[in-house]
file work.csv (CSV, C-alpha atoms)
chain,number,residue,atom,x,y,z
A,32,MET,CA,204.3,30.0,-179.2
A,33,LYS,CA,200.7,29.1,-180.0
A,34,VAL,CA,198.4,27.3,-177.6
A,35,VAL,CA,195.0,25.9,-178.4
A,36,VAL,CA,192.6,25.7,-175.5
A,37,GLY,CA,189.3,23.8,-175.6
A,38,ILE,CA,186.5,24.9,-173.4
A,39,ARG,CA,183.6,22.5,-172.7
A,40,THR,CA,180.7,22.3,-170.3
A,41,GLN,CA,180.9,19.7,-167.6
A,42,ASP,CA,179.1,16.5,-168.5
A,43,SER,CA,176.5,17.0,-165.8
A,44,ILE,CA,175.5,20.4,-167.2
A,45,PRO,CA,172.8,20.4,-169.9
A,46,ASN,CA,174.2,21.6,-173.3
A,47,PRO,CA,171.1,22.8,-175.2
A,48,VAL,CA,173.0,23.8,-178.3
A,49,GLY,CA,174.6,20.4,-178.5
A,50,GLU,CA,171.3,18.7,-178.0
A,51,SER,CA,169.7,20.7,-180.8
A,52,LEU,CA,172.7,20.0,-183.1
A,53,ALA,CA,172.4,16.2,-182.5
A,54,GLU,CA,168.7,16.3,-183.1
A,55,ARG,CA,169.1,18.3,-186.3
A,56,LEU,CA,171.8,15.9,-187.6
A,57,ARG,CA,169.6,12.9,-186.9
A,58,GLU,CA,166.7,14.6,-188.7
A,59,SER,CA,169.0,15.1,-191.7
A,60,GLY,CA,169.7,11.4,-191.9
A,61,TYR,CA,172.8,11.1,-189.7
A,62,THR,CA,171.0,8.7,-187.5
A,63,GLU,CA,174.2,7.3,-186.0
A,64,VAL,CA,174.7,10.6,-184.0
A,65,LYS,CA,174.0,9.8,-180.4
A,66,GLN,CA,175.0,13.0,-178.7
A,67,ALA,CA,176.7,16.4,-179.4
A,68,ARG,CA,178.2,18.9,-177.0
A,69,VAL,CA,179.2,22.3,-178.2
A,70,GLY,CA,182.1,24.2,-176.7
A,71,GLN,CA,184.7,26.7,-177.7
A,72,LEU,CA,188.1,26.6,-179.2
A,73,ILE,CA,190.5,29.4,-178.4
A,74,GLU,CA,193.9,29.9,-179.9
A,75,LEU,CA,196.3,32.1,-178.0
A,76,GLU,CA,199.7,33.4,-179.2
A,77,LEU,CA,202.1,34.1,-176.4
A,78,ASP,CA,205.6,35.3,-175.8
A,79,GLY,CA,207.9,32.8,-174.1
A,80,ALA,CA,209.5,29.6,-175.1
A,81,ASP,CA,209.3,27.4,-172.0
A,82,GLU,CA,206.4,25.0,-172.5
A,83,THR,CA,205.9,24.2,-168.8
A,84,SER,CA,205.7,27.9,-167.7
A,85,ILE,CA,203.4,28.7,-170.6
A,86,LYS,CA,201.1,25.8,-169.6
A,87,THR,CA,201.0,27.2,-166.0
A,88,ARG,CA,200.2,30.6,-167.4
A,89,ILE,CA,197.4,29.2,-169.6
A,90,GLU,CA,195.9,27.5,-166.7
A,91,ARG,CA,195.7,30.8,-164.8
A,92,ILE,CA,194.3,32.6,-167.8
A,93,SER,CA,191.7,29.9,-168.3
A,94,LYS,CA,190.6,29.9,-164.7
A,95,SER,CA,190.5,33.7,-164.4
A,96,LEU,CA,188.5,34.5,-167.5
A,97,ILE,CA,188.2,32.0,-170.3
A,98,MET,CA,186.2,29.2,-168.7
A,99,HIS,CA,183.0,29.6,-166.6
A,100,PRO,CA,184.0,28.7,-163.1
A,101,ASN,CA,180.7,26.9,-162.3
A,102,THR,CA,180.1,24.8,-165.3
A,103,GLU,CA,183.0,24.6,-167.7
A,104,THR,CA,186.4,22.8,-167.9
A,105,PHE,CA,189.4,23.7,-170.1
A,106,GLU,CA,191.9,21.5,-171.8
A,107,ILE,CA,195.2,22.5,-173.5
A,108,LEU,CA,194.7,20.7,-176.8
A,109,ALA,CA,198.0,21.7,-178.5
A,110,VAL,CA,201.1,23.7,-177.9
A,111,ILE,CA,202.7,24.8,-181.2
A,112,ASP,CA,206.2,26.2,-181.2
A,113,ASP,CA,206.1,28.2,-184.4
A,114,GLU,CA,209.6,29.6,-184.3
B,763,MET,CA,169.7,53.2,-147.9
B,764,LYS,CA,172.9,53.7,-150.0
B,765,VAL,CA,172.9,51.9,-153.3
B,766,THR,CA,175.8,51.7,-155.6
B,767,ILE,CA,175.3,50.7,-159.3
B,768,ILE,CA,178.3,49.4,-161.2
B,769,GLU,CA,178.4,50.6,-164.8
B,770,TYR,CA,180.3,48.5,-167.4
B,771,PRO,CA,180.7,49.3,-171.1
B,772,GLY,CA,177.4,48.0,-172.5
B,773,SER,CA,175.3,48.4,-169.4
B,774,PHE,CA,171.8,49.6,-170.2
B,775,ALA,CA,169.8,52.5,-168.9
B,776,ILE,CA,172.0,53.2,-165.8
B,777,LYS,CA,170.8,56.8,-165.4
B,778,GLU,CA,167.2,55.8,-165.7
B,779,LEU,CA,167.8,53.1,-163.0
B,780,GLN,CA,169.5,55.5,-160.7
B,781,GLU,CA,166.8,58.1,-161.1
B,782,LEU,CA,164.0,55.6,-160.6
B,783,LEU,CA,165.6,54.3,-157.4
B,784,ASN,CA,166.2,57.9,-156.2
B,785,ASN,CA,162.9,59.5,-157.3
B,786,SER,CA,160.4,56.6,-157.2
B,787,LEU,CA,161.7,54.8,-154.1
B,788,GLY,CA,163.6,57.6,-152.2
B,789,LEU,CA,166.9,55.7,-152.1
B,790,SER,CA,170.3,57.2,-152.3
B,791,ALA,CA,171.7,55.6,-155.5
B,792,ALA,CA,174.9,56.5,-157.2
B,793,THR,CA,176.7,55.0,-160.2
B,794,ILE,CA,180.3,54.1,-160.4
B,795,TRP,CA,182.4,53.1,-163.4
B,796,HIS,CA,183.8,49.6,-163.5
B,797,ASN,CA,187.4,50.7,-163.7
B,798,GLU,CA,187.3,52.7,-160.5
B,799,GLN,CA,189.6,51.5,-157.8
B,800,GLU,CA,187.5,52.2,-154.7
B,801,LEU,CA,184.0,51.0,-153.8
B,802,PRO,CA,182.2,53.7,-151.7
B,803,GLU,CA,180.5,52.7,-148.4
B,804,THR,CA,177.2,51.1,-149.5
B,805,ASP,CA,174.3,49.1,-148.2
B,806,LEU,CA,173.6,47.5,-151.5
B,807,VAL,CA,175.4,47.0,-154.8
B,808,ILE,CA,173.5,46.5,-158.0
B,809,LEU,CA,175.1,44.9,-161.0
B,810,PRO,CA,172.8,46.2,-163.8
B,811,SER,CA,171.4,44.7,-166.9
B,812,GLY,CA,172.8,45.1,-170.4
B,813,ALA,CA,175.4,43.4,-172.4
B,814,SER,CA,178.7,44.2,-170.7
B,815,PHE,CA,181.6,44.2,-173.1
B,816,GLY,CA,179.2,43.1,-175.9
B,817,ASP,CA,178.6,39.7,-174.3
B,818,TYR,CA,181.9,38.6,-175.8
B,819,LEU,CA,183.0,35.1,-174.9
B,820,ARG,CA,180.0,34.6,-172.6
B,821,PRO,CA,177.6,37.2,-171.1
B,822,GLY,CA,179.4,38.8,-168.1
B,823,ALA,CA,182.7,37.0,-168.7
B,824,PHE,CA,184.9,40.1,-169.4
B,825,ALA,CA,183.3,42.0,-166.5
B,826,ARG,CA,184.7,39.4,-164.2
B,827,ILE,CA,188.2,40.9,-164.2
B,828,SER,CA,187.2,44.6,-163.9
B,829,PRO,CA,188.7,46.2,-160.7
B,830,MET,CA,185.3,47.2,-159.4
B,831,THR,CA,184.0,43.6,-159.9
B,832,ARG,CA,186.8,42.4,-157.7
B,833,LEU,CA,185.8,44.9,-155.0
B,834,VAL,CA,182.2,43.8,-155.3
B,835,ARG,CA,183.3,40.2,-154.8
B,836,ASN,CA,185.0,41.3,-151.6
B,837,HIS,CA,181.9,43.2,-150.5
B,838,ALA,CA,179.8,40.1,-151.3
B,839,GLN,CA,182.1,37.7,-149.5
B,840,SER,CA,182.1,39.8,-146.4
B,841,GLY,CA,178.3,39.6,-146.3
B,842,GLY,CA,177.4,42.8,-148.2
B,843,LYS,CA,174.2,42.7,-150.2
B,844,VAL,CA,174.3,42.5,-154.0
B,845,ILE,CA,171.6,42.2,-156.6
B,846,GLY,CA,172.5,41.2,-160.1
B,847,ILE,CA,169.7,42.0,-162.6
B,848,GLY,CA,169.9,40.5,-166.1
B,849,ASN,CA,173.5,40.7,-167.2
B,850,GLY,CA,174.3,41.4,-163.5
B,851,PHE,CA,173.0,37.9,-162.7
B,852,GLN,CA,175.2,36.5,-165.4
B,853,ILE,CA,178.2,38.3,-163.9
B,854,LEU,CA,177.4,36.8,-160.4
B,855,THR,CA,177.5,33.3,-161.9
B,856,GLU,CA,180.8,34.2,-163.7
B,857,LEU,CA,182.2,35.1,-160.3
B,858,GLY,CA,181.0,31.8,-158.8
B,859,LEU,CA,179.0,33.8,-156.3
B,860,LEU,CA,175.8,32.2,-157.6
B,861,PRO,CA,175.6,28.7,-159.2
B,862,GLY,CA,174.8,27.8,-162.8
B,863,MET,CA,175.3,29.6,-166.1
B,864,PHE,CA,173.3,31.1,-169.0
B,865,HIS,CA,172.6,29.8,-172.4
B,866,GLU,CA,170.9,31.4,-175.4
B,867,SER,CA,167.2,31.8,-174.6
B,868,LEU,CA,164.8,29.3,-176.0
B,869,GLY,CA,162.9,30.7,-179.0
B,870,ASP,CA,163.5,34.3,-180.0
B,871,THR,CA,165.2,37.0,-178.0
B,872,ARG,CA,161.9,37.9,-176.3
B,873,ILE,CA,162.2,41.7,-176.3
B,874,ASN,CA,160.2,43.3,-173.5
B,875,GLU,CA,157.6,40.7,-173.0
B,876,MET,CA,156.0,40.5,-169.5
B,877,ALA,CA,156.8,37.6,-167.3
B,878,HIS,CA,155.1,36.5,-164.1
B,879,LEU,CA,157.2,35.6,-161.2
B,880,VAL,CA,156.3,34.1,-157.8
B,881,ALA,CA,158.6,34.0,-154.8
B,882,ALA,CA,159.7,30.5,-153.9
B,883,THR,CA,160.6,31.6,-150.4
B,884,THR,CA,160.0,34.9,-148.7
B,885,GLY,CA,163.8,35.1,-148.4
B,886,ARG,CA,166.0,36.6,-145.7
B,887,PHE,CA,167.4,38.9,-148.4
B,888,PHE,CA,164.3,41.1,-148.0
B,889,SER,CA,163.9,43.1,-144.8
B,890,THR,CA,160.1,43.0,-145.3
B,891,PRO,CA,159.3,39.4,-146.1
B,892,PHE,CA,158.4,39.1,-149.8
B,893,PRO,CA,154.6,38.2,-150.0
B,894,GLU,CA,154.0,34.5,-150.6
B,895,ASN,CA,152.0,33.7,-153.7
B,896,GLN,CA,152.2,37.3,-154.9
B,897,VAL,CA,152.5,37.3,-158.6
B,898,MET,CA,155.1,39.9,-159.8
B,899,ARG,CA,154.5,41.0,-163.4
B,900,VAL,CA,157.7,42.5,-164.8
B,901,PRO,CA,159.4,42.7,-168.2
B,902,VAL,CA,162.0,40.2,-169.5
B,903,ASN,CA,164.5,40.9,-172.3
B,904,ALA,CA,167.4,38.6,-172.7
B,905,LYS,CA,169.2,36.9,-175.5
B,906,PHE,CA,171.0,34.7,-173.0
B,907,GLY,CA,168.3,34.2,-170.5
B,908,ARG,CA,168.2,30.4,-170.2
B,909,TYR,CA,169.4,29.6,-166.7
B,910,VAL,CA,170.9,26.2,-166.7
B,911,LEU,CA,171.8,24.1,-163.6
B,912,ASP,CA,172.6,20.5,-163.1
B,913,THR,CA,170.5,18.3,-160.7
B,914,ARG,CA,173.0,18.5,-157.9
B,915,GLU,CA,172.8,22.3,-158.0
B,916,VAL,CA,169.0,22.4,-158.1
B,917,ASN,CA,168.9,20.0,-155.1
B,918,SER,CA,171.4,22.1,-153.3
B,919,LEU,CA,169.5,25.3,-154.0
B,920,ARG,CA,166.2,23.7,-152.9
B,921,ASP,CA,167.7,22.2,-149.7
B,922,ARG,CA,169.2,25.5,-148.7
B,923,ASP,CA,166.0,27.5,-149.5
B,924,CYS,CA,167.9,29.5,-152.1
B,925,ILE,CA,165.5,29.5,-155.0
B,926,ALA,CA,164.1,33.1,-154.9
B,927,PHE,CA,161.6,33.2,-157.7
B,928,TYR,CA,160.0,30.8,-160.3
B,929,TYR,CA,158.5,31.8,-163.6
B,930,THR,CA,154.7,31.1,-163.5
B,931,ASP,CA,151.6,31.9,-165.4
B,932,ALA,CA,149.5,35.0,-164.7
B,933,ASP,CA,147.8,33.2,-161.8
B,934,GLY,CA,151.0,32.2,-160.2
B,935,ASN,CA,150.9,28.5,-161.3
B,936,ARG,CA,154.1,26.9,-162.3
B,937,SER,CA,154.3,25.0,-165.6
B,938,SER,CA,157.2,24.6,-168.0
B,939,SER,CA,155.2,26.2,-170.8
B,940,GLU,CA,155.2,29.5,-168.8
B,941,ASP,CA,158.9,29.6,-168.6
B,942,ILE,CA,159.7,31.8,-171.6
B,943,PHE,CA,163.5,31.2,-171.5
B,944,GLY,CA,163.5,27.4,-171.0
B,945,CYS,CA,165.3,27.6,-167.6
B,946,THR,CA,166.0,24.5,-165.5
B,947,ASN,CA,162.9,23.9,-163.4
B,948,SER,CA,161.6,27.4,-164.4
B,949,ILE,CA,164.0,28.9,-161.8
B,950,ALA,CA,163.9,32.7,-162.4
B,951,ALA,CA,166.0,34.0,-159.5
B,952,VAL,CA,168.3,32.6,-156.8
B,953,TYR,CA,170.1,33.5,-153.6
B,954,ASN,CA,173.5,32.5,-152.4
B,955,GLN,CA,173.7,30.3,-149.4
B,956,THR,CA,173.6,33.1,-146.9
B,957,HIS,CA,170.8,35.0,-148.7
B,958,SER,CA,172.9,38.1,-149.1
B,959,ILE,CA,173.2,37.9,-152.9
B,960,LEU,CA,170.3,37.8,-155.3
B,961,GLY,CA,170.4,37.2,-159.0
B,962,ILE,CA,167.3,37.8,-161.2
B,963,MET,CA,167.0,37.8,-165.0
B,964,ALA,CA,163.7,39.6,-165.2
B,965,HIS,CA,163.6,43.4,-164.7
B,966,PRO,CA,161.8,44.7,-161.6
B,967,GLU,CA,163.6,48.0,-162.2
B,968,ARG,CA,161.5,48.4,-165.4
B,969,ALA,CA,158.2,48.1,-163.6
B,970,LEU,CA,158.2,51.0,-161.2
B,971,ASP,CA,155.9,53.4,-162.8
B,972,PRO,CA,152.4,53.0,-164.4
B,973,LEU,CA,153.8,54.4,-167.7
B,974,MET,CA,156.1,51.3,-167.8
B,975,GLY,CA,153.1,49.0,-167.9
B,976,SER,CA,153.5,47.6,-164.4
B,977,VAL,CA,154.4,48.8,-160.9
B,978,ASP,CA,155.1,45.4,-159.5
B,979,GLY,CA,158.8,46.1,-159.4
B,980,ARG,CA,158.1,48.5,-156.5
B,981,LEU,CA,157.1,45.5,-154.4
B,982,PHE,CA,160.5,44.0,-155.1
B,983,PHE,CA,162.5,47.1,-154.2
B,984,THR,CA,160.4,48.3,-151.3
B,985,SER,CA,160.8,44.9,-149.6
B,986,ILE,CA,164.6,45.2,-149.5
call {"tool": "encode", "arguments": {"input": "work.csv", "output": "structure tokens"}}
result
Amino acid sequence: MKVVVGIRTQDSIPNPVGESLAERLRESGYTEVKQARVGQLIELELDGADETSIKTRIERISKSLIMHPNTETFEILAVIDDE
Amino acid sequence: MKVTIIEYPGSFAIKELQELLNNSLGLSAATIWHNEQELPETDLVILPSGASFGDYLRPGAFARISPMTRLVRNHAQSGGKVIGIGNGFQILTELGLLPGMFHESLGDTRINEMAHLVAATTGRFFSTPFPENQVMRVPVNAKFGRYVLDTREVNSLRDRDCIAFYYTDADGNRSSSEDIFGCTNSIAAVYNQTHSILGIMAHPERALDPLMGSVDGRLFFTSI
């Protein structure tokens, strides 16, 4: 089973890369861009077929290593049963 | 004073740090590999600079689940003293022992430039109070040196007297242009709430001998 996890900084935390990206896009003519925030997308392939237990496992994995405990949040964006 | 330095794959100049602490400062410093299972009795743990595990995912992230890091967390949570320098500071934020996180430095990587730091508080971390208004000139060298905090965290640090050092100009004046990394409020180093843990991005350990261009780091270590 594949799980896609999104990691993003909390809204209260400055996101300098996102700010620079939004500024660069506006400079390039995409003036409608108001804000950008840059995070990470992580795809994990795991053994197991039970979606509920996999989600619990992913939560533990995310909290123990993948996301920064002070400033980031994680979200399971997709669970793909590829069998 | 017994000092234990934790070595990760990608830690820099561990032997030099150990020798400097032993020879220049007369401490009893030993190094231990991150995968060891027992932390020897120690007065101070140093999480050193470098790029542990290649800075993959985030600087310091992979170090978070090393066995020795977990033991250091226990040591810290029971009041033991810990200093995180450079990457070690990043690891301390990864553990949630210090607030905030690090982004890529503003501008270029800033290899071995000298920064000026002034203590924001004399700090209970130091057994000899760190001199007020004393400018400490020490090297900086960090790709991910931009310390980022939100307003709530800054206020909390300020209210609890936990801002250890600010970046300043050579005369000790604070201004955002003197903060070479672009850190929130030019904060260069912080304590935890009980002042037993200190994270600093600049390198006092690289300013212990005249041959290194500055001896101001001695002030930092001899105050502990």
call {"tool": "interface_residues", "arguments": {"input": "work.csv", "of": "chain B", "to": "chain A", "cutoff": "7 Å", "atoms": "all atoms listed in the file", "output": "list in words"}}
result
Ala823, Phe824, Glu856, Gly858, Pro861, Gly862, Met863, Val910, Leu911 and Asp912 of chain B
call {"tool": "residues_around", "arguments": {"input": "work.csv", "residues": "stretch 787-790 of chain B", "least_positions_apart": "6", "cutoff": "12 Å", "atoms": "all atoms listed in the file", "output": "list in words"}}
result
Met763, Lys764, Val765, Thr766, Ile767, Leu779, Gln780, Glu781, Glu803, Thr804, Asp805, Leu806, Val807, Glu967, Leu970, Asp971, Val977, Gly979, Arg980, Leu981, Phe982, Phe983, Thr984, Ser985 and Ile986 of chain B
call {"tool": "atom_distance", "arguments": {"input": "work.csv", "atom1": "atom CA of B:Ile853", "atom2": "atom CA of A:Ile92"}}
result
17.5 Å
call {"tool": "atom_distance", "arguments": {"input": "work.csv", "atom1": "atom CA of B:Leu857", "atom2": "atom CA of B:Gly841"}}
result
15.2 Å
call {"tool": "atom_distance", "arguments": {"input": "work.csv", "atom1": "atom CA of B:Met830", "atom2": "atom CA of B:Pro771"}}
result
12.7 Å
call {"tool": "decode", "arguments": {"input": "work.csv", "residues": "stretch 849-879 of chain B", "atoms": "N, CA, C and O atoms", "output": "short mmCIF file (atom, residue, chain, number, x, y, z; two decimals), in the first residue's frame"}}
result
data_model
loop_
_atom_site.label_atom_id
_atom_site.label_comp_id
_atom_site.auth_asym_id
_atom_site.auth_seq_id
_atom_site.Cartn_x
_atom_site.Cartn_y
_atom_site.Cartn_z
N ASN B 849 24.69 22.38 14.01
CA ASN B 849 23.77 21.26 13.78
C ASN B 849 23.20 20.73 15.09
O ASN B 849 22.05 20.27 15.14
N GLY B 850 23.99 20.83 16.16
CA GLY B 850 23.49 20.40 17.47
C GLY B 850 22.30 21.22 17.93
O GLY B 850 21.37 20.70 18.54
N PHE B 851 22.31 22.52 17.60
CA PHE B 851 21.17 23.40 17.90
C PHE B 851 19.96 22.92 17.09
O PHE B 851 18.83 22.83 17.60
N GLN B 852 20.20 22.59 15.84
CA GLN B 852 19.10 22.10 14.99
C GLN B 852 18.51 20.81 15.57
O GLN B 852 17.29 20.62 15.59
N ILE B 853 19.39 19.93 16.06
CA ILE B 853 18.91 18.66 16.65
C ILE B 853 18.05 18.96 17.89
O ILE B 853 17.01 18.33 18.10
N LEU B 854 18.46 19.94 18.69
CA LEU B 854 17.68 20.28 19.89
C LEU B 854 16.29 20.80 19.55
O LEU B 854 15.32 20.52 20.26
N THR B 855 16.16 21.51 18.42
CA THR B 855 14.81 21.93 18.01
C THR B 855 14.04 20.73 17.48
O THR B 855 12.83 20.63 17.67
N GLU B 856 14.73 19.81 16.81
CA GLU B 856 14.07 18.60 16.31
C GLU B 856 13.52 17.76 17.46
O GLU B 856 12.53 17.06 17.30
N LEU B 857 14.19 17.82 18.59
CA LEU B 857 13.72 17.07 19.76
C LEU B 857 12.62 17.81 20.51
O LEU B 857 12.05 17.28 21.47
N GLY B 858 12.38 19.05 20.12
CA GLY B 858 11.39 19.86 20.83
C GLY B 858 11.92 20.36 22.17
O GLY B 858 11.16 20.86 23.00
N LEU B 859 13.23 20.24 22.38
CA LEU B 859 13.81 20.73 23.64
C LEU B 859 14.06 22.24 23.58
O LEU B 859 14.16 22.89 24.61
N LEU B 860 14.19 22.75 22.36
CA LEU B 860 14.25 24.20 22.15
C LEU B 860 13.23 24.55 21.08
O LEU B 860 12.93 23.72 20.21
N PRO B 861 12.69 25.77 21.12
CA PRO B 861 11.65 26.13 20.16
C PRO B 861 12.19 26.46 18.77
O PRO B 861 13.41 26.58 18.60
N GLY B 862 11.29 26.62 17.82
CA GLY B 862 11.65 27.10 16.50
C GLY B 862 12.22 26.05 15.58
O GLY B 862 12.29 24.87 15.94
N MET B 863 12.60 26.48 14.38
CA MET B 863 13.27 25.59 13.43
C MET B 863 14.18 26.42 12.53
O MET B 863 14.19 27.65 12.61
N PHE B 864 14.92 25.73 11.68
CA PHE B 864 15.91 26.41 10.83
C PHE B 864 15.55 26.31 9.36
O PHE B 864 15.17 25.24 8.87
N HIS B 865 15.69 27.44 8.68
CA HIS B 865 15.52 27.47 7.24
C HIS B 865 16.88 27.77 6.60
O HIS B 865 17.85 28.08 7.29
N GLU B 866 16.89 27.70 5.28
CA GLU B 866 18.12 28.00 4.56
C GLU B 866 18.54 29.45 4.86
O GLU B 866 17.69 30.35 4.91
N SER B 867 19.86 29.64 5.02
CA SER B 867 20.36 30.96 5.38
C SER B 867 20.04 31.97 4.29
O SER B 867 20.03 31.64 3.11
N LEU B 868 19.82 33.19 4.73
CA LEU B 868 19.61 34.27 3.78
C LEU B 868 20.94 34.51 3.06
O LEU B 868 21.99 34.49 3.68
N GLY B 869 20.90 34.76 1.77
CA GLY B 869 22.13 34.99 1.04
C GLY B 869 22.87 33.69 0.81
O GLY B 869 22.27 32.63 0.73
N ASP B 870 24.20 33.78 0.72
CA ASP B 870 24.96 32.56 0.43
C ASP B 870 25.21 31.77 1.70
O ASP B 870 24.69 32.08 2.78
N THR B 871 26.02 30.74 1.58
CA THR B 871 26.20 29.81 2.70
C THR B 871 27.02 30.41 3.83
O THR B 871 26.98 29.91 4.95
N ARG B 872 27.73 31.48 3.55
CA ARG B 872 28.46 32.18 4.61
C ARG B 872 29.52 31.29 5.26
O ARG B 872 29.43 30.98 6.45
N ILE B 873 30.46 30.88 4.47
CA ILE B 873 31.48 29.99 5.02
C ILE B 873 32.49 30.78 5.84
O ILE B 873 33.17 31.68 5.33
N ASN B 874 32.55 30.44 7.11
CA ASN B 874 33.56 30.96 8.01
C ASN B 874 33.69 32.48 8.02
O ASN B 874 34.80 33.02 8.01
N GLU B 875 32.58 33.17 8.00
CA GLU B 875 32.63 34.59 8.29
C GLU B 875 32.62 34.74 9.81
O GLU B 875 32.22 33.84 10.54
N MET B 876 33.04 35.90 10.26
CA MET B 876 32.98 36.16 11.69
C MET B 876 31.67 36.88 12.01
O MET B 876 31.26 37.79 11.29
N ALA B 877 31.02 36.45 13.07
CA ALA B 877 29.81 37.13 13.53
C ALA B 877 30.09 37.73 14.90
O ALA B 877 31.02 37.30 15.59
N HIS B 878 29.29 38.71 15.26
CA HIS B 878 29.40 39.32 16.58
C HIS B 878 28.15 39.01 17.37
O HIS B 878 27.05 39.23 16.88
N LEU B 879 28.34 38.51 18.57
CA LEU B 879 27.21 38.13 19.41
C LEU B 879 27.31 38.84 20.75
O LEU B 879 28.41 39.00 21.29
#
